[in-house]
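J.: Sharing data05.cif below, mmCIF, N, CA, C and O atoms:
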```cif
data_my_file
#
loop_
_atom_site.group_PDB
_atom_site.id
_atom_site.type_symbol
_atom_site.label_atom_id
_atom_site.label_comp_id
_atom_site.auth_asym_id
_atom_site.auth_seq_id
_atom_site.Cartn_x
_atom_site.Cartn_y
_atom_site.Cartn_z
ATOM 1 N N MET F 1 0.859 -1.169 0.000
ATOM 2 C CA MET F 1 0.000 0.000 0.000
ATOM 3 C C MET F 1 0.904 1.231 0.000
ATOM 4 O O MET F 1 1.831 1.321 0.797
ATOM 5 N N LYS F 2 0.615 2.161 -0.900
ATOM 6 C CA LYS F 2 1.403 3.386 -0.979
ATOM 7 C C LYS F 2 0.578 4.576 -0.505
ATOM 8 O O LYS F 2 -0.492 4.844 -1.034
ATOM 9 N N VAL F 3 1.086 5.273 0.512
ATOM 10 C CA VAL F 3 0.438 6.456 1.063
ATOM 11 C C VAL F 3 1.328 7.649 0.738
ATOM 12 O O VAL F 3 2.487 7.688 1.138
ATOM 13 N N THR F 4 0.777 8.593 -0.005
ATOM 14 C CA THR F 4 1.530 9.772 -0.423
ATOM 15 C C THR F 4 0.921 11.012 0.201
ATOM 16 O O THR F 4 -0.279 11.233 0.115
ATOM 17 N N ILE F 5 1.776 11.813 0.835
ATOM 18 C CA ILE F 5 1.322 13.015 1.530
ATOM 19 C C ILE F 5 1.902 14.234 0.826
ATOM 20 O O ILE F 5 3.101 14.292 0.558
ATOM 21 N N CYS F 6 1.047 15.215 0.552
ATOM 22 C CA CYS F 6 1.521 16.450 -0.065
ATOM 23 C C CYS F 6 2.300 17.256 0.969
ATOM 24 O O CYS F 6 1.835 17.469 2.089
ATOM 25 N N ILE F 7 3.475 17.722 0.569
ATOM 26 C CA ILE F 7 4.286 18.566 1.445
ATOM 27 C C ILE F 7 4.529 19.925 0.790
ATOM 28 O O ILE F 7 5.456 20.639 1.148
ATOM 29 N N GLY F 8 3.678 20.263 -0.171
ATOM 30 C CA GLY F 8 3.759 21.565 -0.828
ATOM 31 C C GLY F 8 3.399 22.677 0.144
ATOM 32 O O GLY F 8 2.936 22.434 1.263
ATOM 33 N N SER F 9 3.586 23.906 -0.277
ATOM 34 C CA SER F 9 3.434 25.042 0.640
ATOM 35 C C SER F 9 2.035 25.147 1.248
ATOM 36 O O SER F 9 1.899 25.390 2.454
ATOM 37 N N SER F 10 0.980 24.979 0.484
ATOM 38 C CA SER F 10 -0.374 25.096 1.016
ATOM 39 C C SER F 10 -0.647 24.005 2.053
ATOM 40 O O SER F 10 -1.170 24.276 3.136
ATOM 41 N N CYS F 11 -0.293 22.779 1.747
ATOM 42 C CA CYS F 11 -0.516 21.676 2.686
ATOM 43 C C CYS F 11 0.414 21.798 3.892
ATOM 44 O O CYS F 11 0.033 21.440 5.011
ATOM 45 N N HIS F 12 1.613 22.308 3.668
ATOM 46 C CA HIS F 12 2.539 22.506 4.786
ATOM 47 C C HIS F 12 1.923 23.463 5.815
ATOM 48 O O HIS F 12 1.954 23.202 7.017
ATOM 49 N N ILE F 13 1.341 24.537 5.330
ATOM 50 C CA ILE F 13 0.704 25.517 6.211
ATOM 51 C C ILE F 13 -0.458 24.881 6.980
ATOM 52 O O ILE F 13 -0.724 25.219 8.122
ATOM 53 N N LYS F 14 -1.117 23.902 6.360
ATOM 54 C CA LYS F 14 -2.270 23.251 6.985
ATOM 55 C C LYS F 14 -1.885 22.063 7.859
ATOM 56 O O LYS F 14 -2.757 21.379 8.386
ATOM 57 N N GLY F 15 -0.571 21.792 7.995
ATOM 58 C CA GLY F 15 -0.132 20.766 8.939
ATOM 59 C C GLY F 15 0.416 19.486 8.357
ATOM 60 O O GLY F 15 0.426 18.465 9.042
ATOM 61 N N SER F 16 0.893 19.511 7.125
ATOM 62 C CA SER F 16 1.369 18.257 6.523
ATOM 63 C C SER F 16 2.540 17.648 7.291
ATOM 64 O O SER F 16 2.659 16.431 7.368
ATOM 65 N N ARG F 17 3.383 18.473 7.892
ATOM 66 C CA ARG F 17 4.510 17.921 8.656
ATOM 67 C C ARG F 17 3.995 17.057 9.808
ATOM 68 O O ARG F 17 4.491 15.954 10.048
ATOM 69 N N SER F 18 3.001 17.545 10.516
ATOM 70 C CA SER F 18 2.411 16.782 11.617
ATOM 71 C C SER F 18 1.749 15.507 11.098
ATOM 72 O O SER F 18 1.856 14.446 11.718
ATOM 73 N N VAL F 19 1.075 15.598 9.960
ATOM 74 C CA VAL F 19 0.429 14.423 9.365
ATOM 75 C C VAL F 19 1.484 13.365 9.038
ATOM 76 O O VAL F 19 1.320 12.186 9.365
ATOM 77 N N VAL F 20 2.578 13.783 8.418
ATOM 78 C CA VAL F 20 3.662 12.853 8.070
ATOM 79 C C VAL F 20 4.216 12.196 9.336
ATOM 80 O O VAL F 20 4.371 10.967 9.397
ATOM 81 N N GLU F 21 4.521 12.999 10.339
ATOM 82 C CA GLU F 21 5.105 12.464 11.572
ATOM 83 C C GLU F 21 4.162 11.485 12.263
ATOM 84 O O GLU F 21 4.591 10.422 12.723
ATOM 85 N N GLN F 22 2.885 11.819 12.318
ATOM 86 C CA GLN F 22 1.919 10.915 12.949
ATOM 87 C C GLN F 22 1.782 9.614 12.167
ATOM 88 O O GLN F 22 1.705 8.529 12.763
ATOM 89 N N LEU F 23 1.754 9.703 10.846
ATOM 90 C CA LEU F 23 1.658 8.479 10.041
ATOM 91 C C LEU F 23 2.903 7.615 10.212
ATOM 92 O O LEU F 23 2.798 6.384 10.302
ATOM 93 N N GLN F 24 4.075 8.229 10.284
ATOM 94 C CA GLN F 24 5.301 7.463 10.517
ATOM 95 C C GLN F 24 5.217 6.714 11.844
ATOM 96 O O GLN F 24 5.573 5.530 11.917
ATOM 97 N N GLU F 25 4.736 7.388 12.884
ATOM 98 C CA GLU F 25 4.595 6.760 14.196
ATOM 99 C C GLU F 25 3.581 5.617 14.153
ATOM 100 O O GLU F 25 3.827 4.549 14.718
ATOM 101 N N LEU F 26 2.453 5.833 13.503
ATOM 102 C CA LEU F 26 1.417 4.800 13.439
ATOM 103 C C LEU F 26 1.885 3.576 12.656
ATOM 104 O O LEU F 26 1.605 2.438 13.054
ATOM 105 N N VAL F 27 2.598 3.794 11.582
ATOM 106 C CA VAL F 27 3.142 2.672 10.806
ATOM 107 C C VAL F 27 4.123 1.879 11.669
ATOM 108 O O VAL F 27 4.081 0.643 11.719
ATOM 109 N N ALA F 28 5.001 2.577 12.377
ATOM 110 C CA ALA F 28 5.980 1.911 13.237
ATOM 111 C C ALA F 28 5.310 1.175 14.394
ATOM 112 O O ALA F 28 5.641 0.009 14.671
ATOM 113 N N GLU F 29 4.360 1.831 15.069
ATOM 114 C CA GLU F 29 3.662 1.219 16.210
ATOM 115 C C GLU F 29 2.946 -0.067 15.822
ATOM 116 O O GLU F 29 2.827 -0.996 16.621
ATOM 117 N N ASN F 30 2.445 -0.104 14.593
ATOM 118 C CA ASN F 30 1.682 -1.265 14.127
ATOM 119 C C ASN F 30 2.522 -2.234 13.302
ATOM 120 O O ASN F 30 1.984 -3.148 12.684
ATOM 121 N N ASN F 31 3.828 -2.028 13.293
ATOM 122 C CA ASN F 31 4.768 -2.902 12.570
ATOM 123 C C ASN F 31 4.362 -3.110 11.115
ATOM 124 O O ASN F 31 4.336 -4.232 10.613
ATOM 125 N N LEU F 32 4.045 -2.006 10.436
ATOM 126 C CA LEU F 32 3.580 -2.092 9.051
ATOM 127 C C LEU F 32 4.606 -1.582 8.049
ATOM 128 O O LEU F 32 4.278 -1.333 6.902
ATOM 129 N N GLY F 33 5.845 -1.434 8.488
ATOM 130 C CA GLY F 33 6.879 -0.909 7.609
ATOM 131 C C GLY F 33 7.059 -1.695 6.328
ATOM 132 O O GLY F 33 7.442 -1.144 5.296
ATOM 133 N N ASP F 34 6.750 -2.987 6.367
ATOM 134 C CA ASP F 34 6.882 -3.818 5.165
ATOM 135 C C ASP F 34 5.621 -3.815 4.306
ATOM 136 O O ASP F 34 5.633 -4.316 3.185
ATOM 137 N N LYS F 35 4.539 -3.233 4.813
ATOM 138 C CA LYS F 35 3.271 -3.242 4.078
ATOM 139 C C LYS F 35 2.810 -1.864 3.631
ATOM 140 O O LYS F 35 1.995 -1.750 2.723
ATOM 141 N N VAL F 36 3.304 -0.817 4.300
ATOM 142 C CA VAL F 36 2.871 0.544 3.993
ATOM 143 C C VAL F 36 4.086 1.376 3.607
ATOM 144 O O VAL F 36 5.026 1.499 4.384
ATOM 145 N N GLU F 37 4.050 1.925 2.421
ATOM 146 C CA GLU F 37 5.109 2.805 1.950
ATOM 147 C C GLU F 37 4.617 4.244 2.052
ATOM 148 O O GLU F 37 3.627 4.615 1.420
ATOM 149 N N LEU F 38 5.296 5.054 2.862
ATOM 150 C CA LEU F 38 4.967 6.468 2.981
ATOM 151 C C LEU F 38 5.892 7.261 2.076
ATOM 152 O O LEU F 38 7.088 6.996 2.027
ATOM 153 N N SER F 39 5.316 8.209 1.355
ATOM 154 C CA SER F 39 6.153 9.076 0.527
ATOM 155 C C SER F 39 5.560 10.474 0.502
ATOM 156 O O SER F 39 4.380 10.673 0.801
ATOM 157 N N GLY F 40 6.390 11.427 0.182
ATOM 158 C CA GLY F 40 5.950 12.809 0.077
ATOM 159 C C GLY F 40 5.943 13.245 -1.372
ATOM 160 O O GLY F 40 6.637 12.675 -2.207
ATOM 161 N N THR F 41 5.139 14.239 -1.660
ATOM 162 C CA THR F 41 5.077 14.790 -3.003
ATOM 163 C C THR F 41 4.727 16.264 -2.907
ATOM 164 O O THR F 41 4.261 16.731 -1.872
ATOM 165 N N PHE F 42 4.976 16.972 -3.974
ATOM 166 C CA PHE F 42 4.525 18.354 -4.019
ATOM 167 C C PHE F 42 3.157 18.372 -4.675
ATOM 168 O O PHE F 42 2.657 17.359 -5.116
ATOM 169 N N CYS F 43 2.547 19.469 -4.745
ATOM 170 C CA CYS F 43 1.149 19.709 -5.073
ATOM 171 C C CYS F 43 0.410 18.579 -5.797
ATOM 172 O O CYS F 43 0.806 18.115 -6.854
ATOM 173 N N LEU F 44 -0.706 18.186 -5.184
ATOM 174 C CA LEU F 44 -1.615 17.211 -5.785
ATOM 175 C C LEU F 44 -2.784 17.902 -6.479
ATOM 176 O O LEU F 44 -3.700 17.262 -6.959
ATOM 177 N N GLY F 45 -2.758 19.243 -6.489
ATOM 178 C CA GLY F 45 -3.752 20.003 -7.238
ATOM 179 C C GLY F 45 -5.067 20.272 -6.526
ATOM 180 O O GLY F 45 -6.006 20.767 -7.137
ATOM 181 N N LYS F 46 -5.153 19.930 -5.259
ATOM 182 C CA LYS F 46 -6.404 20.159 -4.520
ATOM 183 C C LYS F 46 -6.105 20.950 -3.253
ATOM 184 O O LYS F 46 -6.526 20.592 -2.157
ATOM 185 N N CYS F 47 -5.398 22.044 -3.416
ATOM 186 C CA CYS F 47 -4.877 22.838 -2.297
ATOM 187 C C CYS F 47 -5.961 23.342 -1.352
ATOM 188 O O CYS F 47 -5.708 23.540 -0.169
ATOM 189 N N GLN F 48 -7.155 23.563 -1.850
ATOM 190 C CA GLN F 48 -8.242 24.081 -1.019
ATOM 191 C C GLN F 48 -8.724 23.059 0.009
ATOM 192 O O GLN F 48 -9.391 23.404 0.968
ATOM 193 N N GLN F 49 -8.412 21.788 -0.212
ATOM 194 C CA GLN F 49 -9.030 20.720 0.571
ATOM 195 C C GLN F 49 -8.197 20.222 1.745
ATOM 196 O O GLN F 49 -8.416 19.127 2.239
ATOM 197 N N GLY F 50 -7.257 20.998 2.218
ATOM 198 C CA GLY F 50 -6.495 20.566 3.390
ATOM 199 C C GLY F 50 -5.256 19.794 3.003
ATOM 200 O O GLY F 50 -4.800 19.868 1.873
ATOM 201 N N VAL F 51 -4.712 19.050 3.929
ATOM 202 C CA VAL F 51 -3.540 18.242 3.633
ATOM 203 C C VAL F 51 -3.992 17.106 2.715
ATOM 204 O O VAL F 51 -4.818 16.276 3.087
ATOM 205 N N CYS F 52 -3.465 17.096 1.522
ATOM 206 C CA CYS F 52 -3.850 16.112 0.517
ATOM 207 C C CYS F 52 -3.042 14.825 0.696
ATOM 208 O O CYS F 52 -1.816 14.864 0.796
ATOM 209 N N VAL F 53 -3.756 13.712 0.739
ATOM 210 C CA VAL F 53 -3.131 12.406 0.918
ATOM 211 C C VAL F 53 -3.770 11.452 -0.077
ATOM 212 O O VAL F 53 -4.986 11.481 -0.284
ATOM 213 N N THR F 54 -2.958 10.606 -0.693
ATOM 214 C CA THR F 54 -3.515 9.549 -1.528
ATOM 215 C C THR F 54 -3.114 8.192 -0.955
ATOM 216 O O THR F 54 -2.026 8.036 -0.402
ATOM 217 N N VAL F 55 -4.020 7.243 -1.081
ATOM 218 C CA VAL F 55 -3.753 5.855 -0.727
ATOM 219 C C VAL F 55 -3.992 5.060 -1.989
ATOM 220 O O VAL F 55 -5.128 4.980 -2.466
ATOM 221 N N ASP F 56 -2.917 4.532 -2.546
ATOM 222 C CA ASP F 56 -3.013 3.806 -3.813
ATOM 223 C C ASP F 56 -3.845 4.588 -4.834
ATOM 224 O O ASP F 56 -4.797 4.078 -5.412
ATOM 225 N N GLU F 57 -3.518 5.861 -5.000
ATOM 226 C CA GLU F 57 -4.121 6.763 -5.984
ATOM 227 C C GLU F 57 -5.495 7.315 -5.604
ATOM 228 O O GLU F 57 -6.055 8.123 -6.320
ATOM 229 N N LYS F 58 -6.086 6.894 -4.492
ATOM 230 C CA LYS F 58 -7.380 7.429 -4.062
ATOM 231 C C LYS F 58 -7.133 8.634 -3.157
ATOM 232 O O LYS F 58 -6.361 8.555 -2.203
ATOM 233 N N PHE F 59 -7.818 9.749 -3.436
ATOM 234 C CA PHE F 59 -7.573 11.009 -2.738
ATOM 235 C C PHE F 59 -8.335 11.128 -1.419
ATOM 236 O O PHE F 59 -9.492 10.743 -1.321
ATOM 237 N N PHE F 60 -7.652 11.725 -0.414
ATOM 238 C CA PHE F 60 -8.259 12.023 0.877
ATOM 239 C C PHE F 60 -7.770 13.386 1.350
ATOM 240 O O PHE F 60 -6.667 13.801 1.021
ATOM 241 N N SER F 61 -8.599 14.053 2.134
ATOM 242 C CA SER F 61 -8.196 15.285 2.802
ATOM 243 C C SER F 61 -8.040 14.949 4.277
ATOM 244 O O SER F 61 -8.974 14.472 4.917
ATOM 245 N N VAL F 62 -6.837 15.172 4.801
ATOM 246 C CA VAL F 62 -6.524 14.792 6.176
ATOM 247 C C VAL F 62 -6.010 16.024 6.909
ATOM 248 O O VAL F 62 -5.372 16.881 6.304
ATOM 249 N N SER F 63 -6.279 16.100 8.185
ATOM 250 C CA SER F 63 -5.717 17.177 9.005
ATOM 251 C C SER F 63 -4.965 16.518 10.158
ATOM 252 O O SER F 63 -5.153 15.319 10.423
ATOM 253 N N PRO F 64 -4.128 17.277 10.862
ATOM 254 C CA PRO F 64 -3.438 16.684 12.011
ATOM 255 C C PRO F 64 -4.405 16.081 13.025
ATOM 256 O O PRO F 64 -4.085 15.092 13.675
ATOM 257 N N GLU F 65 -5.603 16.625 13.112
ATOM 258 C CA GLU F 65 -6.599 16.119 14.066
ATOM 259 C C GLU F 65 -7.292 14.842 13.597
ATOM 260 O O GLU F 65 -7.874 14.126 14.419
ATOM 261 N N THR F 66 -7.267 14.549 12.306
ATOM 262 C CA THR F 66 -7.990 13.374 11.795
ATOM 263 C C THR F 66 -7.076 12.233 11.347
ATOM 264 O O THR F 66 -7.549 11.243 10.785
ATOM 265 N N VAL F 67 -5.779 12.345 11.607
ATOM 266 C CA VAL F 67 -4.830 11.328 11.130
ATOM 267 C C VAL F 67 -5.157 9.943 11.671
ATOM 268 O O VAL F 67 -5.186 8.968 10.917
ATOM 269 N N LYS F 68 -5.403 9.827 12.978
ATOM 270 C CA LYS F 68 -5.647 8.502 13.556
ATOM 271 C C LYS F 68 -6.878 7.839 12.953
ATOM 272 O O LYS F 68 -6.856 6.660 12.615
ATOM 273 N N GLN F 69 -7.946 8.595 12.819
ATOM 274 C CA GLN F 69 -9.169 8.038 12.221
ATOM 275 C C GLN F 69 -8.907 7.634 10.773
ATOM 276 O O GLN F 69 -9.321 6.561 10.339
ATOM 277 N N PHE F 70 -8.230 8.484 10.025
ATOM 278 C CA PHE F 70 -7.861 8.169 8.641
ATOM 279 C C PHE F 70 -7.049 6.879 8.582
ATOM 280 O O PHE F 70 -7.313 5.994 7.772
ATOM 281 N N PHE F 71 -6.065 6.762 9.458
ATOM 282 C CA PHE F 71 -5.191 5.588 9.459
ATOM 283 C C PHE F 71 -5.983 4.313 9.730
ATOM 284 O O PHE F 71 -5.795 3.300 9.064
ATOM 285 N N GLU F 72 -6.889 4.383 10.702
ATOM 286 C CA GLU F 72 -7.686 3.206 11.052
ATOM 287 C C GLU F 72 -8.617 2.788 9.918
ATOM 288 O O GLU F 72 -8.734 1.606 9.609
ATOM 289 N N THR F 73 -9.301 3.767 9.286
ATOM 290 C CA THR F 73 -10.295 3.417 8.277
ATOM 291 C C THR F 73 -9.722 3.175 6.887
ATOM 292 O O THR F 73 -10.242 2.351 6.143
ATOM 293 N N GLU F 74 -8.641 3.868 6.546
ATOM 294 C CA GLU F 74 -8.125 3.761 5.183
ATOM 295 C C GLU F 74 -6.849 2.934 5.050
ATOM 296 O O GLU F 74 -6.502 2.527 3.937
ATOM 297 N N VAL F 75 -6.173 2.695 6.141
ATOM 298 C CA VAL F 75 -4.944 1.892 6.079
ATOM 299 C C VAL F 75 -5.141 0.569 6.807
ATOM 300 O O VAL F 75 -5.116 -0.493 6.185
ATOM 301 N N MET F 76 -5.364 0.630 8.106
ATOM 302 C CA MET F 76 -5.502 -0.594 8.896
ATOM 303 C C MET F 76 -6.620 -1.501 8.387
ATOM 304 O O MET F 76 -6.447 -2.717 8.302
ATOM 305 N N ALA F 77 -7.749 -0.930 8.057
ATOM 306 C CA ALA F 77 -8.903 -1.722 7.629
ATOM 307 C C ALA F 77 -8.674 -2.413 6.282
ATOM 308 O O ALA F 77 -9.366 -3.371 5.949
ATOM 309 N N LYS F 78 -7.672 -1.945 5.531
ATOM 310 C CA LYS F 78 -7.471 -2.490 4.187
ATOM 311 C C LYS F 78 -6.216 -3.347 4.062
ATOM 312 O O LYS F 78 -5.860 -3.761 2.967
ATOM 313 N N ILE F 79 -5.569 -3.598 5.190
ATOM 314 C CA ILE F 79 -4.367 -4.434 5.148
ATOM 315 C C ILE F 79 -4.725 -5.853 5.529
ATOM 316 O O ILE F 79 -5.506 -6.123 6.342
#
```
What's the structure tokens form of this structure?

T.:
Amino acid sequence: MKVTICIGSSCHIKGSRSVVEQLQELVAENNLGDKVELSGTFCLGKCQQGVCVTVDEKFFSVSPETVKQFFETEVMAKI
């Protein structure tokens, strides 16, 4: 599973660094390093929608406050 987080300027202002750090921690805590690939990218073209994240090409809007819920429903539930 590939999870890509936008680290462009708009998403950075909206908390992408925190989103990345939380996802790294959640992947490590759940021993998913061999199943989940985290990567960063610049603009995904949906700057108005918060921190842009894709999971295997499917788009999501995530904030630092919703990372855990996102991880449980879109990553853990699909592994």

J.: Apply DSSP to the structure's backbone, then extract all residues of chain F labelled helix (DSSP H, G or I) and return them as a PyMOL selection string.

T.: chain F and resi 9-13+16-29+47-49+67-78

J.: With the file shown as input, list the residues that the PyMOL selection byres ((chain F and resi 7-24) around 7) selects, as a VMD selection string.

T.: chain F and resid 5 to 6 25 to 30 40 to 44 47 50 to 52 62 to 64 67

J.: Using atom O of Glu37 (chain F) and atom O of Lys2 (chain F) as the two end points, give the distance in Å to one decimal.

T.: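 We find that atom O of Glu37 (chain F) and atom O of Lys2 (chain F) lie 4.8 Å from each other.
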
J.: Can you pull out every residue from chain F that DSSP, working from the backbone, puts in strand (DSSP E), and format the result as a ChimeraX atom specification?

T.: /F:2-6,37-41,51-55,58-62

J.: Please indicate the distance in Å from atom N of Gln49 (chain F) to atom O of Asp34 (chain F), rounded to one decimal place.

T.: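 Those two atoms sit 29.8 Å apart.
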
J.: Complete region 22-32 of chain F with all heavy atoms (output as a PDB file, keeping the file's coordinate frame).

T.:
```pdb
ATOM      1  N   GLN F  22       2.885  11.819  12.318  1.00  0.00           N
ATOM      2  CA  GLN F  22       1.919  10.915  12.949  1.00  0.00           C
ATOM      3  C   GLN F  22       1.782   9.614  12.167  1.00  0.00           C
ATOM      4  O   GLN F  22       1.705   8.529  12.763  1.00  0.00           O
ATOM      5  CB  GLN F  22       0.550  11.588  13.066  1.00  0.00           C
ATOM      6  CG  GLN F  22       0.503  12.689  14.109  1.00  0.00           C
ATOM      7  CD  GLN F  22      -0.891  13.271  14.226  1.00  0.00           C
ATOM      8  OE1 GLN F  22      -1.824  12.568  14.591  1.00  0.00           O
ATOM      9  NE2 GLN F  22      -1.046  14.546  13.892  1.00  0.00           N
ATOM     10  N   LEU F  23       1.754   9.703  10.846  1.00  0.00           N
ATOM     11  CA  LEU F  23       1.658   8.479  10.041  1.00  0.00           C
ATOM     12  C   LEU F  23       2.903   7.615  10.212  1.00  0.00           C
ATOM     13  O   LEU F  23       2.798   6.384  10.302  1.00  0.00           O
ATOM     14  CB  LEU F  23       1.435   8.822   8.562  1.00  0.00           C
ATOM     15  CG  LEU F  23       0.035   9.320   8.217  1.00  0.00           C
ATOM     16  CD1 LEU F  23      -0.022   9.813   6.775  1.00  0.00           C
ATOM     17  CD2 LEU F  23      -1.014   8.227   8.441  1.00  0.00           C
ATOM     18  N   GLN F  24       4.075   8.229  10.284  1.00  0.00           N
ATOM     19  CA  GLN F  24       5.301   7.463  10.517  1.00  0.00           C
ATOM     20  C   GLN F  24       5.217   6.714  11.844  1.00  0.00           C
ATOM     21  O   GLN F  24       5.573   5.530  11.917  1.00  0.00           O
ATOM     22  CB  GLN F  24       6.524   8.391  10.518  1.00  0.00           C
ATOM     23  CG  GLN F  24       6.880   8.914   9.159  1.00  0.00           C
ATOM     24  CD  GLN F  24       7.977   9.972   9.183  1.00  0.00           C
ATOM     25  OE1 GLN F  24       8.094  10.746  10.138  1.00  0.00           O
ATOM     26  NE2 GLN F  24       8.772  10.015   8.127  1.00  0.00           N
ATOM     27  N   GLU F  25       4.736   7.388  12.884  1.00  0.00           N
ATOM     28  CA  GLU F  25       4.595   6.760  14.196  1.00  0.00           C
ATOM     29  C   GLU F  25       3.581   5.617  14.153  1.00  0.00           C
ATOM     30  O   GLU F  25       3.827   4.549  14.718  1.00  0.00           O
ATOM     31  CB  GLU F  25       4.164   7.792  15.237  1.00  0.00           C
ATOM     32  CG  GLU F  25       5.233   8.801  15.576  1.00  0.00           C
ATOM     33  CD  GLU F  25       4.734   9.927  16.473  1.00  0.00           C
ATOM     34  OE1 GLU F  25       3.612   9.818  17.026  1.00  0.00           O
ATOM     35  OE2 GLU F  25       5.463  10.924  16.615  1.00  0.00           O
ATOM     36  N   LEU F  26       2.453   5.833  13.503  1.00  0.00           N
ATOM     37  CA  LEU F  26       1.417   4.800  13.439  1.00  0.00           C
ATOM     38  C   LEU F  26       1.885   3.576  12.656  1.00  0.00           C
ATOM     39  O   LEU F  26       1.605   2.438  13.054  1.00  0.00           O
ATOM     40  CB  LEU F  26       0.132   5.373  12.832  1.00  0.00           C
ATOM     41  CG  LEU F  26      -0.613   6.358  13.735  1.00  0.00           C
ATOM     42  CD1 LEU F  26      -1.630   7.162  12.929  1.00  0.00           C
ATOM     43  CD2 LEU F  26      -1.290   5.628  14.885  1.00  0.00           C
ATOM     44  N   VAL F  27       2.598   3.794  11.582  1.00  0.00           N
ATOM     45  CA  VAL F  27       3.142   2.672  10.806  1.00  0.00           C
ATOM     46  C   VAL F  27       4.123   1.879  11.669  1.00  0.00           C
ATOM     47  O   VAL F  27       4.081   0.643  11.719  1.00  0.00           O
ATOM     48  CB  VAL F  27       3.800   3.164   9.495  1.00  0.00           C
ATOM     49  CG1 VAL F  27       4.624   2.062   8.852  1.00  0.00           C
ATOM     50  CG2 VAL F  27       2.731   3.669   8.529  1.00  0.00           C
ATOM     51  N   ALA F  28       5.001   2.577  12.377  1.00  0.00           N
ATOM     52  CA  ALA F  28       5.980   1.911  13.237  1.00  0.00           C
ATOM     53  C   ALA F  28       5.310   1.175  14.394  1.00  0.00           C
ATOM     54  O   ALA F  28       5.641   0.009  14.671  1.00  0.00           O
ATOM     55  CB  ALA F  28       6.984   2.935  13.769  1.00  0.00           C
ATOM     56  N   GLU F  29       4.360   1.831  15.069  1.00  0.00           N
ATOM     57  CA  GLU F  29       3.662   1.219  16.210  1.00  0.00           C
ATOM     58  C   GLU F  29       2.946  -0.067  15.822  1.00  0.00           C
ATOM     59  O   GLU F  29       2.827  -0.996  16.621  1.00  0.00           O
ATOM     60  CB  GLU F  29       2.622   2.185  16.786  1.00  0.00           C
ATOM     61  CG  GLU F  29       3.190   3.337  17.564  1.00  0.00           C
ATOM     62  CD  GLU F  29       2.125   4.365  17.940  1.00  0.00           C
ATOM     63  OE1 GLU F  29       0.914   4.093  17.762  1.00  0.00           O
ATOM     64  OE2 GLU F  29       2.514   5.454  18.401  1.00  0.00           O
ATOM     65  N   ASN F  30       2.445  -0.104  14.593  1.00  0.00           N
ATOM     66  CA  ASN F  30       1.682  -1.265  14.127  1.00  0.00           C
ATOM     67  C   ASN F  30       2.522  -2.234  13.302  1.00  0.00           C
ATOM     68  O   ASN F  30       1.984  -3.148  12.684  1.00  0.00           O
ATOM     69  CB  ASN F  30       0.465  -0.788  13.324  1.00  0.00           C
ATOM     70  CG  ASN F  30      -0.556  -0.103  14.209  1.00  0.00           C
ATOM     71  OD1 ASN F  30      -1.310  -0.768  14.904  1.00  0.00           O
ATOM     72  ND2 ASN F  30      -0.567   1.223  14.217  1.00  0.00           N
ATOM     73  N   ASN F  31       3.828  -2.028  13.293  1.00  0.00           N
ATOM     74  CA  ASN F  31       4.768  -2.902  12.570  1.00  0.00           C
ATOM     75  C   ASN F  31       4.362  -3.110  11.115  1.00  0.00           C
ATOM     76  O   ASN F  31       4.336  -4.232  10.613  1.00  0.00           O
ATOM     77  CB  ASN F  31       4.897  -4.253  13.277  1.00  0.00           C
ATOM     78  CG  ASN F  31       5.475  -4.099  14.666  1.00  0.00           C
ATOM     79  OD1 ASN F  31       6.473  -3.407  14.860  1.00  0.00           O
ATOM     80  ND2 ASN F  31       4.839  -4.726  15.637  1.00  0.00           N
ATOM     81  N   LEU F  32       4.045  -2.006  10.436  1.00  0.00           N
ATOM     82  CA  LEU F  32       3.580  -2.092   9.051  1.00  0.00           C
ATOM     83  C   LEU F  32       4.606  -1.582   8.049  1.00  0.00           C
ATOM     84  O   LEU F  32       4.278  -1.333   6.902  1.00  0.00           O
ATOM     85  CB  LEU F  32       2.271  -1.307   8.897  1.00  0.00           C
ATOM     86  CG  LEU F  32       1.091  -1.834   9.702  1.00  0.00           C
ATOM     87  CD1 LEU F  32      -0.100  -0.900   9.556  1.00  0.00           C
ATOM     88  CD2 LEU F  32       0.725  -3.239   9.270  1.00  0.00           C
TER      89      LEU F  32
END
```
